[in-house]
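All remarks here apply to the structure that follows.
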Amino acid sequence: MNRTSELGTAPVHQLLWKYALPAIIAMTATSLYNIVDTIYIGHGCGALALGALTVAKPFMDICAAFGSLVGVGASSLLAIYLGEKDYERANRVLGNVIVMNVILSAIVMAVGLIWLDPILYAFGASEDTILYAHEYMEIILYGNILTHIYFGLNAMLRSAGHPRFSMTATIVAIVLNIILDPIFIFGLELGVRGAALATVISQAIAVTWQVTKFFDKNELVRFHRGIWRLNKHITFRALAIGMSPFLYNIAHCFVVIIINNQLKNFGGDMAIASYGVINRLTFVFAMIVMGLNQGMQPVAGYNYGAKHFDRVLRSFYLTCAYATGVMGIAFILGECFPELMTRVFTHDETLITQTIRPMRIICSTMLIIGFQMVTGNLFTSIGKAGKAIFLSLTRQVIYLIPLALLLPLAFETPLDGVWWSIPVSDTLSAITAVIVLLASHRKLHMGEGGHS
């Protein structure tokens with residue numbers, strides 16, 4: 001109880017770092033693992049396998065979207081209930097997270113396995129990359145239930161006052177993954193299937209580690225009888241709050257599908273591979289910002305529930321400042337050292353040459369992305385589902401999809417239009433975030449509008 005009550009009393013900047021630093025370490029480790037995984041696949045399986053991984057990513061994001069629908073929404077709700085000192089409902093949230101994750105992940109797994117190849121072709125797979133993508137995603141789908149529970153419990157651990165334990169669980173999974181990757185890919189010669197198998201096994205072990213914490217009878221939020229039955233109020237409110245990251249991830253998947261297909265049409269498999277390399281680089285810094293957001297979420301949610309609205313805004317302003325600094329580093333690396341960054345992932349000279357210019361284009365707006373990400377997270381953290389959903393859709397649906405389809409028509413080289421659609425949509429979505437924030441500032445400061 002002392003661990004959670006400090007969220008309403010300790011200095012905000014100290015709380016932000018206490019909760020954000022473990023999340024940043026965990027998210028940075030995750031992004032570095034993704035880089036290592038990409039390096040293993042790129043050097044062990046070739047450039048086409050990298051293209052296949054890029055094709056498979058939106059499918060993985062759809063699976064993750066259902067996990068975020070439950071995990072992010074429930075963890076935000078848990079923080080709010082703890083701020084309100086409604087401990088009975090807080091425990092029910094924990095039980096409902098497990099049940100909802102099992103149900104949704106089983107449905108996603110079944111649908112994905114039945115229509116795997118048609119989905120991958122729709123996402124941009126070609127005859128040259130479909131085998132790699134199929135082998136990778138088949139294993140990932142079989143482990144989908146474990147993946148959902150793993151991410152869901154990690155979010156609950158942070159809101160329950162255990163950011164370091166959450167970090168440890170993530171690092172355990174990553175270290176195991178890095179150890180198993182070369183064994184499966186090179187030692188057992190399983191290729192991309194080995195990379196997927198290493199991911200699933202490491203997450204299964206991490207879930208076991210997480211569960212032990214929630215069986216501790218000394219914990220305020222823990223497993224016990226009576227919390228497993230789905231509660232209508234908790235379920236629908238958690239899903240409403242989680243709808244913002246869910247729709248963001250779903251929209252992102254459709255964006256990647258469209259961009260992959262546009263790249264395939266105007267640049268072929270190598271253009272898709274270039275997009276995958278750039279995504280891996282920017283993903284590192286986006287994950288750090290997501291770590292900051294995860295640290296901000298329990299601080300903002302708890303203080304909103306406790307009606308300490310000045311502390312909510314202070315946590316937001318500090319997180320924005322840190323996020324802008326992080327994305328500034330991505331801007332410098334992408335603009336000044338694109339060739340060096342690309343060589344980390346591949347030794348294919350053709351791919352390196354084709355990646356330098358688009359990396360500079362995409363990284364040109366990195367400085368403003370952090371602010372947009374943090375603003376959307378603010379409204380998610382305090383349960384403002386409507387505004388969070390709107391902001392999650394602006395970049396992906398309102399701006400990026402139309403621009404990815406229309407800008408190639410305006411450029412002499414259509415491939416350039418695909419690349420430029422990304423920074424243009426980033427700029428427009430940041431402007432929209434400023435407008436929404438200014439319109440909501442008084443209500444956020446005075447606490448008007450309840451938890452709607």
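So you can find residues: chains in the structure tokens are A, B, ... in the order shown, residues in each start at 1, and ligands are numbered from 1 in order.
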
Excluding Gly83 in chain A and its own-chain neighbours fewer than 4 positions away, which residues fall within 7 Å of it when counting only C-alpha atoms? Please give them as a ChimeraX atom specification. /A:79,302-303,305-306

For Trp17 in chain A, work out the shell of residues within 8 Å, counting only C-alpha atoms and skipping chain neighbours fewer than 4 positions away, then give it as JSON, numbers by chain. {"A": [13, 21, 295]}

List as a ChimeraX atom specification the protein and nucleic acid residues near range 352-356 of chain A, meaning an atom at most 12 Å away when only C-alpha atoms are counted, but skip any in the same chain fewer than 5 places from it. /A:47,267-279,281,333-347,361-363,415-416,419

Residues near Gly152 in chain A, anyone? I mean within 9 Å using only C-alpha atoms, not counting same-chain ones fewer than 5 positions away, as a PyMOL selection string. chain A and resi 67-68+70-72+74-75+97-98+101+147+157

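Distance check against Ile250 in chain A using only C-alpha atoms: of A:Arg360, A:Arg311, A:Lys57, A:Arg164, the minimum falls on A:Lys57.
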
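Between Val256 in chain A and the residues A:Ile329, A:Leu16, A:Ile62, A:Ala173, the shortest atom-to-atom distance, using only C-alpha atoms, involves A:Ile62.
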
Ile205 in chain A surroundings by only C-alpha atoms, 10 Å radius, close-in-sequence under 4 positions cut, as a PyMOL selection string: chain A and resi 146+150+169+172-173+176+200-201+209-210

Report, in Å with one decimal, the straight-line distance from CA of Leu180 in chain A to CA of Ser202 in chain A.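 Going from CA of Leu180 in chain A over to CA of Ser202 in chain A, I get 8.3 Å.
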
Near Pro163 in chain A, within 9 Å and counting only C-alpha atoms, which residues show up once chain neighbours fewer than 3 positions away are dropped, as a list in words?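 Surrounding residues, per the criterion: Lys18, Tyr19, Ala20, Leu21, Pro22, Ala23, Asn154, Ala155, Leu157, Arg158, Ser159, Ala160, Ser166, Met167, Thr168 and Gly295 of chain A.
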
Just how far from CA of Leu391 in chain A is CA of Leu406 in chain A, in Å to one decimal?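 These atoms are spaced 22.0 Å apart.
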
Compile the contact shell of range 364-377 of chain A as an mmCIF file with C-alpha atoms, in the first residue's frame: residues with an atom at most 7 Å away, counting only C-alpha atoms, same-chain residues fewer than 6 positions apart removed.
```
data_model
loop_
_atom_site.group_PDB
_atom_site.id
_atom_site.type_symbol
_atom_site.label_atom_id
_atom_site.label_comp_id
_atom_site.auth_asym_id
_atom_site.auth_seq_id
_atom_site.Cartn_x
_atom_site.Cartn_y
_atom_site.Cartn_z
ATOM 1 C CA VAL A 289 9.718 7.008 -25.473
ATOM 2 C CA ASN A 293 5.121 6.734 -21.338
ATOM 3 C CA THR A 319 7.786 13.325 -20.074
ATOM 4 C CA CYS A 320 7.423 15.521 -23.180
ATOM 5 C CA ALA A 323 10.864 12.291 -25.140
ATOM 6 C CA THR A 324 11.933 15.185 -27.366
ATOM 7 C CA MET A 327 13.997 11.491 -30.529
ATOM 8 C CA GLY A 328 16.579 14.215 -31.151
ATOM 9 C CA ALA A 330 17.375 9.489 -33.594
ATOM 10 C CA PHE A 331 17.253 12.587 -35.803
ATOM 11 C CA ALA A 388 -6.933 9.158 -26.876
ATOM 12 C CA LEU A 391 -5.121 11.116 -31.449
ATOM 13 C CA SER A 392 -4.185 7.491 -32.063
ATOM 14 C CA PRO A 423 7.342 12.704 -42.308
ATOM 15 C CA ASP A 426 4.171 13.096 -38.584
ATOM 16 C CA THR A 427 4.086 16.887 -38.939
ATOM 17 C CA ALA A 430 1.907 16.758 -34.143
ATOM 18 C CA ALA A 433 -1.948 16.984 -30.916
#
```

Taking only C-alpha atoms into account, which of A:Leu77, A:Tyr132, A:Lys307, A:Ile145 comes nearest Ile103 in chain A? A:Ile145
